[in-house]
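Source file: start_31.txt (compact mmCIF, C-alpha atoms)
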```
# COMPACT_ATOMS: atom_id res chain seq x y z
CA MET A 181 -42.34 50.05 105.80
CA CYS A 182 -41.32 46.38 105.87
CA ALA A 183 -38.87 46.82 102.99
CA ILE A 184 -37.17 49.88 104.50
CA SER A 185 -36.84 48.03 107.79
CA TYR A 186 -35.36 44.96 106.10
CA TYR A 187 -32.78 46.90 104.07
CA LEU A 188 -31.71 49.20 106.94
CA GLU A 189 -31.17 46.22 109.21
CA ARG A 190 -29.18 44.49 106.48
CA ASP A 191 -26.97 47.60 106.48
CA ASN A 192 -26.51 47.28 110.23
CA ILE A 193 -29.06 49.84 111.43
CA MET A 194 -31.38 48.43 114.08
CA THR A 195 -35.07 49.05 113.41
CA THR A 196 -38.44 48.79 115.03
CA GLY A 197 -41.75 50.04 113.76
CA ILE A 198 -45.48 50.00 113.46
CA SER A 199 -47.55 47.87 111.12
CA LEU A 200 -51.16 48.74 110.27
CA VAL A 201 -51.89 45.56 108.32
CA ARG A 202 -50.84 42.52 110.34
CA GLU A 203 -51.02 40.12 107.40
CA ASN A 204 -48.55 42.23 105.38
CA ALA A 205 -46.03 42.29 108.24
CA ALA A 206 -46.47 38.57 108.88
CA SER A 207 -45.72 37.75 105.25
CA MET A 208 -42.69 40.03 104.78
CA ALA A 209 -41.33 39.46 108.28
CA PRO A 210 -39.38 42.67 108.98
CA PRO A 211 -37.02 42.33 111.97
CA ARG A 212 -39.28 44.00 114.56
CA SER A 213 -42.86 45.06 114.04
CA LEU A 214 -45.71 46.10 116.30
CA TRP A 215 -49.15 45.59 114.77
CA VAL A 216 -51.67 48.19 115.88
CA PRO A 217 -55.45 47.85 115.37
CA PHE A 218 -55.93 51.42 114.16
CA PRO A 219 -57.36 52.84 110.93
CA LEU A 220 -55.07 53.47 107.99
CA GLY A 221 -53.65 56.97 108.31
CA ARG A 222 -53.48 56.77 112.13
CA PRO A 223 -50.46 54.65 113.11
CA LEU A 224 -50.18 56.23 116.57
CA GLY A 225 -53.87 55.64 117.21
CA VAL A 226 -55.29 58.87 118.61
CA ALA A 227 -54.63 62.49 117.68
CA ASN A 228 -53.69 64.87 120.50
CA ASP A 229 -53.43 62.08 123.07
CA PRO A 230 -49.77 62.01 124.13
CA ASP A 231 -50.31 59.31 126.76
CA PHE A 232 -51.86 56.91 124.25
CA GLN A 233 -49.17 57.69 121.68
CA HIS A 234 -46.46 57.06 124.28
CA ARG A 235 -47.95 53.64 125.04
CA VAL A 236 -47.76 52.72 121.34
CA ILE A 237 -44.18 53.95 121.07
CA ALA A 238 -43.12 52.15 124.26
CA ALA A 239 -44.54 48.88 122.95
CA ALA A 240 -42.59 49.24 119.69
CA LEU A 241 -39.36 50.25 121.47
CA LYS A 242 -39.74 47.26 123.79
CA LEU A 243 -39.10 45.03 120.79
CA PHE A 244 -35.43 46.07 121.01
CA ASN A 245 -35.27 43.78 124.05
CA SER A 246 -35.97 40.72 121.90
CA THR A 247 -32.94 38.51 121.54
CA ASP A 248 -33.81 37.17 118.10
CA GLY A 249 -36.28 37.73 115.34
CA PRO A 250 -38.17 38.45 113.28
CA VAL A 251 -40.62 39.49 115.95
CA LEU A 252 -44.21 40.61 115.34
CA GLU A 253 -46.26 41.60 118.36
CA ASP A 254 -49.80 42.93 118.73
CA PHE A 255 -50.57 46.17 120.53
CA PRO A 256 -53.21 45.22 123.12
CA GLU A 257 -55.39 48.36 123.03
CA ASP A 258 -57.91 49.55 120.49
CA ALA A 259 -58.11 53.27 119.84
CA PRO A 260 -60.95 54.75 121.90
CA VAL A 261 -64.24 54.82 120.00
CA GLN A 262 -66.10 58.10 119.70
CA GLN A 263 -68.61 58.10 122.54
CA THR A 264 -71.16 60.55 121.16
CA GLU A 265 -74.49 59.08 120.09
CA SER A 266 -75.38 62.06 117.94
CA PRO A 267 -74.21 62.36 114.35
CA LEU A 268 -71.27 64.62 113.57
CA ALA A 269 -72.21 68.27 113.92
CA CYS A 270 -71.16 69.55 110.51
CA PRO A 271 -70.90 73.35 110.53
CA VAL A 272 -71.87 73.65 106.87
CA THR A 273 -75.16 72.77 105.23
CA PHE A 274 -74.41 71.41 101.80
CA ILE A 275 -77.42 72.06 99.56
CA LYS A 276 -76.67 70.66 96.15
CA SER A 277 -80.17 70.69 94.72
CA ALA A 278 -81.50 73.98 96.07
CA THR A 279 -79.26 76.18 93.97
CA THR A 280 -80.45 77.72 90.74
CA ALA A 281 -76.90 78.13 89.48
CA THR A 282 -76.21 76.07 86.41
CA SER A 283 -72.48 76.17 85.79
CA TRP A 284 -70.01 74.19 87.84
CA GLN A 285 -68.05 77.42 88.22
CA GLU A 286 -70.96 79.09 89.97
CA ARG A 287 -72.08 76.09 92.00
CA LEU A 288 -68.63 75.11 93.24
CA GLY A 289 -67.83 78.77 93.87
CA ARG A 290 -70.88 79.07 96.10
CA GLU A 291 -70.00 75.92 97.97
CA LEU A 292 -66.47 77.17 98.54
CA SER A 293 -67.70 80.51 99.84
CA THR A 294 -69.77 78.76 102.53
CA LEU A 295 -66.70 76.83 103.67
CA LYS A 296 -64.20 79.68 103.85
CA PRO A 297 -65.14 81.09 107.27
CA TRP A 298 -65.00 77.58 108.71
CA HIS A 299 -61.65 76.83 107.16
CA ASP A 300 -60.31 80.09 108.55
CA LEU A 301 -61.66 79.17 111.98
CA GLY A 302 -60.19 75.68 111.85
CA LYS A 303 -56.81 76.97 110.72
CA ARG A 304 -56.71 79.41 113.63
CA ARG A 305 -57.65 76.62 116.05
CA ARG A 306 -54.81 74.51 114.67
CA ASN A 307 -52.38 77.42 115.14
CA GLY A 308 -52.05 77.95 111.41
CA ARG A 309 -51.62 74.30 110.54
CA THR A 310 -53.14 73.15 107.26
CA LEU A 311 -52.33 70.31 104.86
CA THR A 312 -53.20 72.44 101.83
CA GLY A 313 -50.48 73.85 99.62
CA VAL A 314 -49.18 70.74 97.86
CA SER A 315 -50.28 72.09 94.46
CA ASN A 316 -48.93 75.61 95.08
CA SER A 317 -52.30 76.99 93.96
CA SER A 318 -54.84 78.89 96.04
CA ILE A 319 -58.13 77.18 96.83
CA ASP A 320 -59.92 79.72 94.62
CA GLU A 321 -57.72 78.88 91.66
CA ILE A 322 -58.11 75.15 92.28
CA ILE A 323 -61.90 75.31 92.38
CA GLN A 324 -62.02 77.57 89.32
CA ARG A 325 -59.83 75.22 87.30
CA LEU A 326 -61.67 72.06 88.39
CA ALA A 327 -64.98 73.71 87.49
CA ALA A 328 -63.63 74.86 84.15
CA TYR A 329 -62.81 71.28 83.18
CA LEU A 330 -66.40 70.26 83.83
CA ASP A 331 -67.99 73.32 82.24
CA THR A 332 -65.92 72.98 79.08
CA VAL A 333 -66.01 69.16 79.03
CA THR A 334 -62.24 68.87 78.88
CA LEU A 335 -59.84 66.77 80.90
CA PRO A 336 -56.55 67.70 82.61
CA THR A 337 -54.51 65.23 80.59
CA ASP A 338 -51.62 67.67 80.14
CA GLU A 339 -51.30 68.56 83.83
CA LEU A 340 -51.92 65.35 85.74
CA VAL A 341 -49.43 66.09 88.51
CA TRP A 342 -50.98 69.50 89.27
CA PHE A 343 -54.45 68.01 89.01
CA LYS A 344 -53.73 65.22 91.50
CA HIS A 345 -52.18 67.63 93.99
CA ALA A 346 -55.02 70.10 93.48
CA THR A 347 -57.65 67.47 94.24
CA GLU A 348 -55.84 66.57 97.47
CA ASP A 349 -55.58 70.25 98.43
CA ALA A 350 -59.29 70.74 97.77
CA LYS A 351 -60.29 67.66 99.77
CA ASN A 352 -58.03 68.69 102.64
CA TYR A 353 -59.52 72.20 102.56
CA TYR A 354 -63.07 70.87 102.77
CA LEU A 355 -62.30 68.40 105.56
CA GLU A 356 -60.38 71.01 107.52
CA ALA A 357 -63.42 73.32 107.23
CA ILE A 358 -65.84 70.56 108.29
CA THR A 359 -63.63 69.87 111.33
CA ALA A 360 -63.23 73.53 112.24
CA GLN A 361 -64.47 72.95 115.76
CA PRO A 362 -62.67 70.50 118.03
CA ASP A 363 -64.36 67.17 118.44
CA ASP A 364 -63.45 63.53 118.71
CA GLN A 365 -64.53 62.92 115.16
CA ASP A 366 -64.96 59.55 113.55
CA PRO A 367 -63.09 59.65 110.24
CA ASP A 368 -65.73 57.45 108.58
CA ASN A 369 -68.39 60.06 109.36
CA LEU A 370 -66.24 62.85 107.98
CA HIS A 371 -65.59 61.05 104.74
CA THR A 372 -69.23 60.06 104.40
CA ILE A 373 -70.22 63.72 104.66
CA PHE A 374 -67.61 64.74 102.12
CA TRP A 375 -68.31 62.02 99.57
CA THR A 376 -72.12 62.07 99.79
CA GLN A 377 -73.00 65.69 100.46
CA THR A 378 -70.57 67.94 98.63
CA LEU A 379 -70.55 69.17 95.07
CA LEU A 380 -66.79 68.85 95.04
CA ALA A 381 -67.16 65.10 95.55
CA ASP A 382 -69.60 64.96 92.61
CA ALA A 383 -67.05 66.86 90.53
CA LEU A 384 -64.17 64.56 91.50
CA VAL A 385 -66.15 61.41 90.84
CA MET A 386 -67.23 62.72 87.44
CA LEU A 387 -63.70 63.72 86.45
CA SER A 388 -62.32 60.41 87.73
CA GLU A 389 -64.86 58.45 85.67
CA GLN A 390 -64.05 60.47 82.58
CA LEU A 391 -60.29 60.06 83.06
CA SER A 392 -60.74 56.36 83.61
CA SER A 393 -62.03 56.01 80.08
CA VAL A 394 -58.93 57.66 78.58
CA GLN A 395 -56.37 55.17 77.35
CA GLY A 396 -53.51 54.85 79.84
CA LEU A 397 -55.20 56.83 82.60
CA LYS A 398 -57.25 54.15 84.33
CA GLN A 399 -54.67 53.80 87.12
CA PHE A 400 -54.45 57.57 87.49
CA ALA A 401 -58.22 57.80 87.89
CA ARG A 402 -57.97 55.37 90.80
CA ILE A 403 -55.81 57.74 92.84
CA LEU A 404 -58.45 60.46 92.75
CA VAL A 405 -61.40 58.81 94.51
CA PRO A 406 -61.13 56.25 97.34
CA ARG A 407 -62.52 52.78 96.75
CA ARG A 408 -64.91 53.20 99.69
CA ALA A 409 -66.32 56.49 98.39
CA MET A 410 -68.37 54.70 95.78
CA ASP A 411 -69.88 52.46 98.50
CA MET A 412 -70.75 55.52 100.58
CA ARG A 413 -72.39 57.22 97.62
CA ALA A 414 -74.36 54.11 96.69
CA SER A 415 -75.61 53.66 100.26
CA PHE A 416 -76.54 57.32 100.49
CA SER A 417 -78.47 57.20 97.18
CA SER A 418 -80.39 54.09 98.15
CA ALA A 419 -81.31 55.67 101.51
CA ASP A 420 -82.74 58.77 99.79
CA MET B 1114 -59.69 48.53 112.07
CA VAL B 1115 -57.44 47.54 110.48
CA ARG B 1116 -58.67 44.04 111.16
CA LEU B 1117 -59.25 42.59 107.76
CA ALA B 1118 -62.44 40.90 108.91
CA ASP B 1119 -63.94 44.34 109.51
CA LEU B 1120 -63.33 45.55 105.96
CA PRO B 1121 -65.39 45.19 102.78
CA ASP B 1122 -64.28 42.34 100.52
CA TYR B 1123 -62.63 44.60 97.91
CA GLU B 1124 -60.67 46.44 100.62
CA ARG B 1125 -59.55 43.18 102.20
CA GLU B 1126 -58.47 41.77 98.84
CA HIS B 1127 -56.55 44.95 98.02
CA LEU B 1128 -54.61 44.81 101.28
CA LEU B 1129 -53.98 41.07 101.09
CA ALA B 1130 -52.55 41.56 97.60
CA LYS B 1131 -49.74 43.47 99.30
CA ASN B 1132 -48.61 40.33 101.14
CA MET B 1133 -45.14 39.56 99.85
CA PRO B 1134 -42.54 36.99 100.80
CA PRO B 1135 -39.50 38.12 102.81
CA LEU B 1136 -36.95 40.04 100.74
CA GLY B 1137 -34.20 37.58 101.60
CA PRO B 1138 -32.62 35.79 104.54
CA ALA B 1139 -33.74 37.26 107.85
CA THR B 1140 -31.79 40.33 108.93
CA TRP B 1141 -31.19 41.10 112.57
CA VAL B 1142 -29.00 43.59 114.41
CA ALA B 1143 -28.79 42.77 118.10
CA SER B 1144 -29.08 45.67 120.50
CA GLU B 1145 -25.72 46.36 122.09
CA LYS B 1146 -26.80 49.37 124.15
CA PRO B 1147 -29.65 50.05 126.54
CA LEU B 1148 -32.51 52.14 125.16
CA ALA B 1149 -31.32 55.09 127.24
CA GLU B 1150 -28.15 55.23 125.14
CA LEU B 1151 -29.67 54.76 121.68
CA ARG B 1152 -29.61 57.63 119.19
CA ILE B 1153 -32.82 57.25 117.21
CA ALA B 1154 -34.06 58.53 113.85
CA LEU B 1155 -37.68 58.55 112.74
CA VAL B 1156 -38.48 57.25 109.27
CA THR B 1157 -41.99 57.34 107.87
CA THR B 1158 -43.48 56.17 104.59
CA ALA B 1159 -46.27 58.77 104.79
CA GLY B 1160 -45.01 60.99 101.97
CA LEU B 1161 -44.19 63.95 104.25
CA HIS B 1162 -42.14 66.99 103.34
CA PHE B 1163 -42.08 70.74 103.76
CA ARG B 1164 -43.84 73.01 101.27
CA ASP B 1165 -40.58 74.11 99.65
CA ASP B 1166 -39.46 70.52 99.05
CA PRO B 1167 -40.25 68.59 95.87
CA THR B 1168 -43.49 66.66 96.09
CA PHE B 1169 -43.38 62.88 95.72
CA GLU B 1170 -44.12 61.39 92.32
CA PHE B 1171 -47.10 59.02 92.04
CA THR B 1172 -44.64 56.15 92.49
CA ASP B 1173 -41.40 57.20 94.07
CA ALA B 1174 -38.65 55.42 96.02
CA THR B 1175 -36.78 58.59 96.96
CA PHE B 1176 -36.86 60.16 100.40
CA ARG B 1177 -37.04 63.65 101.88
CA PRO B 1178 -35.08 64.93 104.89
CA ILE B 1179 -36.87 66.36 107.92
CA SER B 1180 -34.55 68.30 110.20
CA ASN B 1181 -34.98 67.57 113.88
CA ASN B 1182 -35.00 71.33 114.50
CA GLU B 1183 -37.64 72.37 111.97
CA ASN B 1184 -41.25 72.89 112.97
CA ALA B 1185 -43.00 69.61 112.17
CA ASN B 1186 -46.35 71.40 112.11
CA ASP B 1187 -45.29 72.77 108.72
CA LEU B 1188 -45.09 69.28 107.20
CA ILE B 1189 -47.51 68.44 104.41
CA MET B 1190 -48.21 65.16 102.66
CA SER B 1191 -48.05 64.29 98.96
CA HIS B 1192 -48.81 60.59 99.31
CA SER B 1193 -50.46 59.32 96.13
CA SER B 1194 -52.95 56.97 97.79
CA VAL B 1195 -56.45 58.23 98.52
CA ASN B 1196 -57.41 55.19 100.56
CA PHE B 1197 -56.55 56.42 104.04
CA ASP B 1198 -57.75 59.20 106.29
CA ARG B 1199 -55.71 62.42 106.56
CA THR B 1200 -57.89 64.35 108.99
CA GLY B 1201 -56.09 62.92 112.01
CA PHE B 1202 -52.74 64.03 110.62
CA ALA B 1203 -54.23 67.49 110.06
CA GLU B 1204 -55.13 67.60 113.75
CA ASP B 1205 -51.84 66.26 115.07
CA VAL B 1206 -48.62 65.65 113.18
CA ASN B 1207 -47.61 63.16 115.90
CA LEU B 1208 -50.34 60.78 114.82
CA VAL B 1209 -48.13 59.87 111.85
CA TYR B 1210 -44.75 61.37 112.70
CA PRO B 1211 -44.38 61.25 116.50
CA ILE B 1212 -41.55 63.75 116.78
CA ASP B 1213 -42.90 65.54 119.87
CA ARG B 1214 -43.27 62.23 121.68
CA PHE B 1215 -39.66 61.31 120.89
CA LYS B 1216 -38.43 64.73 122.01
CA GLU B 1217 -40.24 64.05 125.29
CA LEU B 1218 -38.52 60.66 125.55
CA GLU B 1219 -35.18 62.36 124.91
CA ALA B 1220 -35.87 64.98 127.60
CA ARG B 1221 -36.80 62.25 130.09
CA GLY B 1222 -33.66 60.29 129.31
CA THR B 1223 -35.68 57.30 128.10
CA ILE B 1224 -33.71 57.34 124.85
CA GLY B 1225 -30.16 58.50 124.35
CA GLY B 1226 -30.94 61.15 121.76
CA LEU B 1227 -32.43 61.98 118.40
CA ALA B 1228 -30.84 62.15 114.98
CA ASN B 1229 -30.13 65.53 113.44
CA VAL B 1230 -32.24 64.53 110.46
CA HIS B 1231 -35.26 62.25 110.11
CA TYR B 1232 -36.68 61.01 106.80
CA SER B 1233 -39.84 60.36 104.84
CA PHE B 1234 -40.49 57.99 101.98
CA MET B 1235 -43.80 57.65 100.13
CA GLY B 1236 -44.98 54.08 100.31
CA ALA B 1237 -47.27 53.41 97.38
CA GLY B 1238 -47.27 51.75 94.00
CA LEU B 1239 -43.84 50.10 94.05
CA MET B 1240 -42.70 46.59 94.78
CA PRO B 1241 -40.78 46.34 98.08
CA ALA B 1242 -37.47 45.51 96.38
CA GLU B 1243 -37.57 48.83 94.53
CA TYR B 1244 -36.67 50.59 97.80
CA GLN B 1245 -33.37 48.72 98.10
CA HIS B 1246 -31.11 51.38 96.59
CA SER B 1247 -32.57 54.34 98.44
CA ALA B 1248 -32.74 52.43 101.72
CA SER B 1249 -29.03 51.60 101.44
CA GLN B 1250 -28.33 55.25 100.63
CA LEU B 1251 -30.32 56.22 103.71
CA ALA B 1252 -28.40 53.73 105.86
CA GLY B 1253 -25.16 55.52 104.95
CA MET B 1254 -26.62 58.88 105.92
CA LEU B 1255 -27.92 57.53 109.20
CA LYS B 1256 -24.48 56.17 110.07
CA LYS B 1257 -22.92 59.57 109.39
CA ASP B 1258 -25.50 60.96 111.82
CA ARG B 1259 -24.36 58.33 114.40
CA VAL B 1260 -27.83 56.78 114.49
CA ASP B 1261 -28.11 53.48 116.35
CA ALA B 1262 -31.73 52.69 115.64
CA VAL B 1263 -34.71 53.71 113.50
CA PHE B 1264 -38.36 53.97 114.48
CA LEU B 1265 -40.58 53.41 111.43
CA THR B 1266 -44.15 54.53 110.91
CA PRO B 1267 -46.46 53.73 107.97
CA VAL B 1268 -49.60 55.66 107.14
```
structure tokens encoding of this file:
Amino acid sequence: MCAISYYLERDNIMTTGISLVRENAASMAPPRSLWVPFPLGRPLGVANDPDFQHRVIAAALKLFNSTDGPVLEDFPEDAPVQQTESPLACPVTFIKSATTATSWQERLGRELSTLKPWHDLGKRRRNGRTLTGVSNSSIDEIIQRLAAYLDTVTLPTDELVWFKHATEDAKNYYLEAITAQPDDQDPDNLHTIFWTQTLLADALVMLSEQLSSVQGLKQFARILVPRRAMDMRASFSSAD
Amino acid sequence: MVRLADLPDYEREHLLAKNMPPLGPATWVASEKPLAELRIALVTTAGLHFRDDPTFEFTDATFRPISNNENANDLIMSHSSVNFDRTGFAEDVNLVYPIDRFKELEARGTIGGLANVHYSFMGAGLMPAEYQHSASQLAGMLKKDRVDAVFLTPV
């Protein structure tokens, strides 16, 4: 973001924008930057809250009034914190240990079948919107192919691009199913559910660990599983 | 969030490693028009594009066009990083790419207008200077679109 801003301004296009990491903006010093105290992935702060989003935008546009720069200002509001005291109501019960199925194909297939009605519901609520489709494969094909790698103890070394996109599609599908019903959901709770309770997360962690041991693929393995997922899984295991 | 003090050590160190010195002497274009006369383009580094467009590579300095007239709800994301939340974007495209908010500002007369085309980069894995060529290319396209100013969003 800082680099694009710098180069556009050098080419005589005026810029303003949002920064999610204040220290990065302070060091690179783009011409105009508004730091916002929101989670990564949420630069406008709150989904489906036009008034809040307009306040963020107005604060960034106000930087055009500055007479010289670089200028870095702080947005004064935090995003509202979820008020509910109860844990997230997940519509799906993930039961990894209760199944008698032995193959990944069967186990992941069962898990997917429990999610499908919820994904359909969520997609209807979002008026058809879904983030899936980056890999150009259906969710059934994605799950079948991921399971096949684990069942046959092979790795997707000859289709890394498809594999990366497929893992993102699968994660998006799961999270869209878990959030089928509207709620002011804390993203940390959602990701904790995904990374500690689902078989898909087990599969992704296993494949990531295996890929990480292949020469030249350590970096690739890092773009499959978030750094914080391993913390979540460790905390969940120790709490068991 | 994202206050670095609130993050685990490894997360804080990862983000601090992205601190870079300025790319050169400070650049600054003074505003010569009131906001109500500015024609604005949105530019995001969130790795957004439509399903028919090429996905972004794992590291990629190119950009994708997003027509002002296309339905932004059809945008998807092929950002290579896994270290941010996408569920908010799934709920509301404006959380990352605030096109509806800017159309409201245009309708109210708060801004002069919107560009015909907005743009998305994918900000991951490259050093800042590696965006120089494509950013200059983009500047030329924005000028053809009579854009006065750009509003940038990260992810």
Checklist line | Top pick for closest residue to B:Pro1147, considering B:Leu1129, B:Val1206, B:Ala1262, B:Ala1220 and counting only C-alpha atoms | finding: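 Going through B:Leu1129, B:Val1206, B:Ala1262, B:Ala1220 one by one, the smallest distance to B:Pro1147 is for B:Ala1262.
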Item checked: 7 Å contacts from chain A to chain B using only C-alpha atoms, as a VMD selection string -> chain A and resid 181 183 to 184 186 to 201 203 to 204 207 to 209 211 217 to 228 230 234 244 247 249 306 309 to 311 313 to 314 355 367 403 to 407
Next item on the list: For A:His345, work out the shell of residues within 6 Å, counting only C-alpha atoms and skipping chain neighbours fewer than 2 positions away, then give it as a list in words.
Entry: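 Near neighbours after the sequence-gap exclusion: Val314, Ser315, Trp342, Phe343, Thr347 and Glu348 of chain A.
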Selected residues, C-alpha atoms, written as a CSV table (one decimal), in the coordinates of the input, please.
```csv
chain,number,residue,atom,x,y,z
A,314,VAL,CA,-49.2,70.7,97.9
A,315,SER,CA,-50.3,72.1,94.5
A,342,TRP,CA,-51.0,69.5,89.3
A,343,PHE,CA,-54.4,68.0,89.0
A,347,THR,CA,-57.6,67.5,94.2
A,348,GLU,CA,-55.8,66.6,97.5
```
Checklist line | From A:Ala401, A:Ala357, A:Val236, A:Leu380, residue lying nearest A:Arg290 [only C-alpha atoms] | finding: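 Closest to A:Arg290, using only C-alpha atoms: A:Leu380.
Among the candidates A:Leu397, A:Gln377, A:Asp248, A:Glu257, the residue lying nearest to A:Arg235 is A:Glu257 (atoms considered: all atoms listed in the file).
The space separating atom CA of B:Ile1212 from atom CA of A:Pro250 comes to 25.8 Å.
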Margin query: Restricting the calculation to all atoms listed in the file: of B:Asn1184, B:Ala1228, B:Leu1120, B:Leu1239, which residue gets closest to B:Asp1258?
Written below: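 Answer, going by the shortest atom-to-atom distance: B:Ala1228.
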Margin query: Show me, as number ranges by chain, the residues that have an atom within 9 Å of A:Leu391 when counting all atoms listed in the file, minus same-chain residues fewer than 5 positions from it.
Written below: A: 335-337, 386, 397-398, 400-401
Ref. answer, residues at most 6 Å from (-36.7, 61.9, 102.9) with all atoms listed in the file, as a PDB file with C-alpha atoms, in the frame of the given file:
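Contents of the output file part.pdb:
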```pdb
ATOM      1  CA  PHE B1176     -36.860  60.160 100.400  1.00  0.00           C
ATOM      2  CA  ARG B1177     -37.040  63.650 101.880  1.00  0.00           C
ATOM      3  CA  PRO B1178     -35.080  64.930 104.890  1.00  0.00           C
ATOM      4  CA  TYR B1232     -36.680  61.010 106.800  1.00  0.00           C
ATOM      5  CA  SER B1233     -39.840  60.360 104.840  1.00  0.00           C
ATOM      6  CA  PHE B1234     -40.490  57.990 101.980  1.00  0.00           C
TER       7      PHE B1234
END
```
Check: Can you tell me how far atom CA of A:Cys270 sits from atom CA of A:Arg304, in Å to one decimal?
Finding: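 It comes out at 17.8 Å.
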Item checked: Distance of atom CA of A:Glu286 from atom CA of A:Thr378, expressed in Å to one decimal place ->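 Distance reported for this atom pair: 14.1 Å.
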Using all atoms of stretch 1220-1224 of chain B that appear in the file, construct an axis-aligned enclosing box with 3 Å of padding on every side and provide its centre coordinates and edge lengths in Å, rounded to one decimal, as JSON.
```
{"center_x": -35.2, "center_y": 61.1, "center_z": 127.5, "size_x": 9.1, "size_y": 13.7, "size_z": 11.2}
```
Notebook entry, point to check: Taking only C-alpha atoms into account, which of A:Ile373, A:Ala414, A:Val216, A:Leu326 comes nearest A:Ala259?
Noted result: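 Among the listed residues, the smallest separation from A:Ala259 belongs to A:Val216.
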Item checked: Shortest interatomic distance to A:Ala327 - which of A:Ser392, A:Gln285, A:Thr312, A:Asn369, counting all atoms listed in the file ->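 Comparing A:Ser392, A:Gln285, A:Thr312, A:Asn369 against A:Ala327, the winner is A:Gln285.
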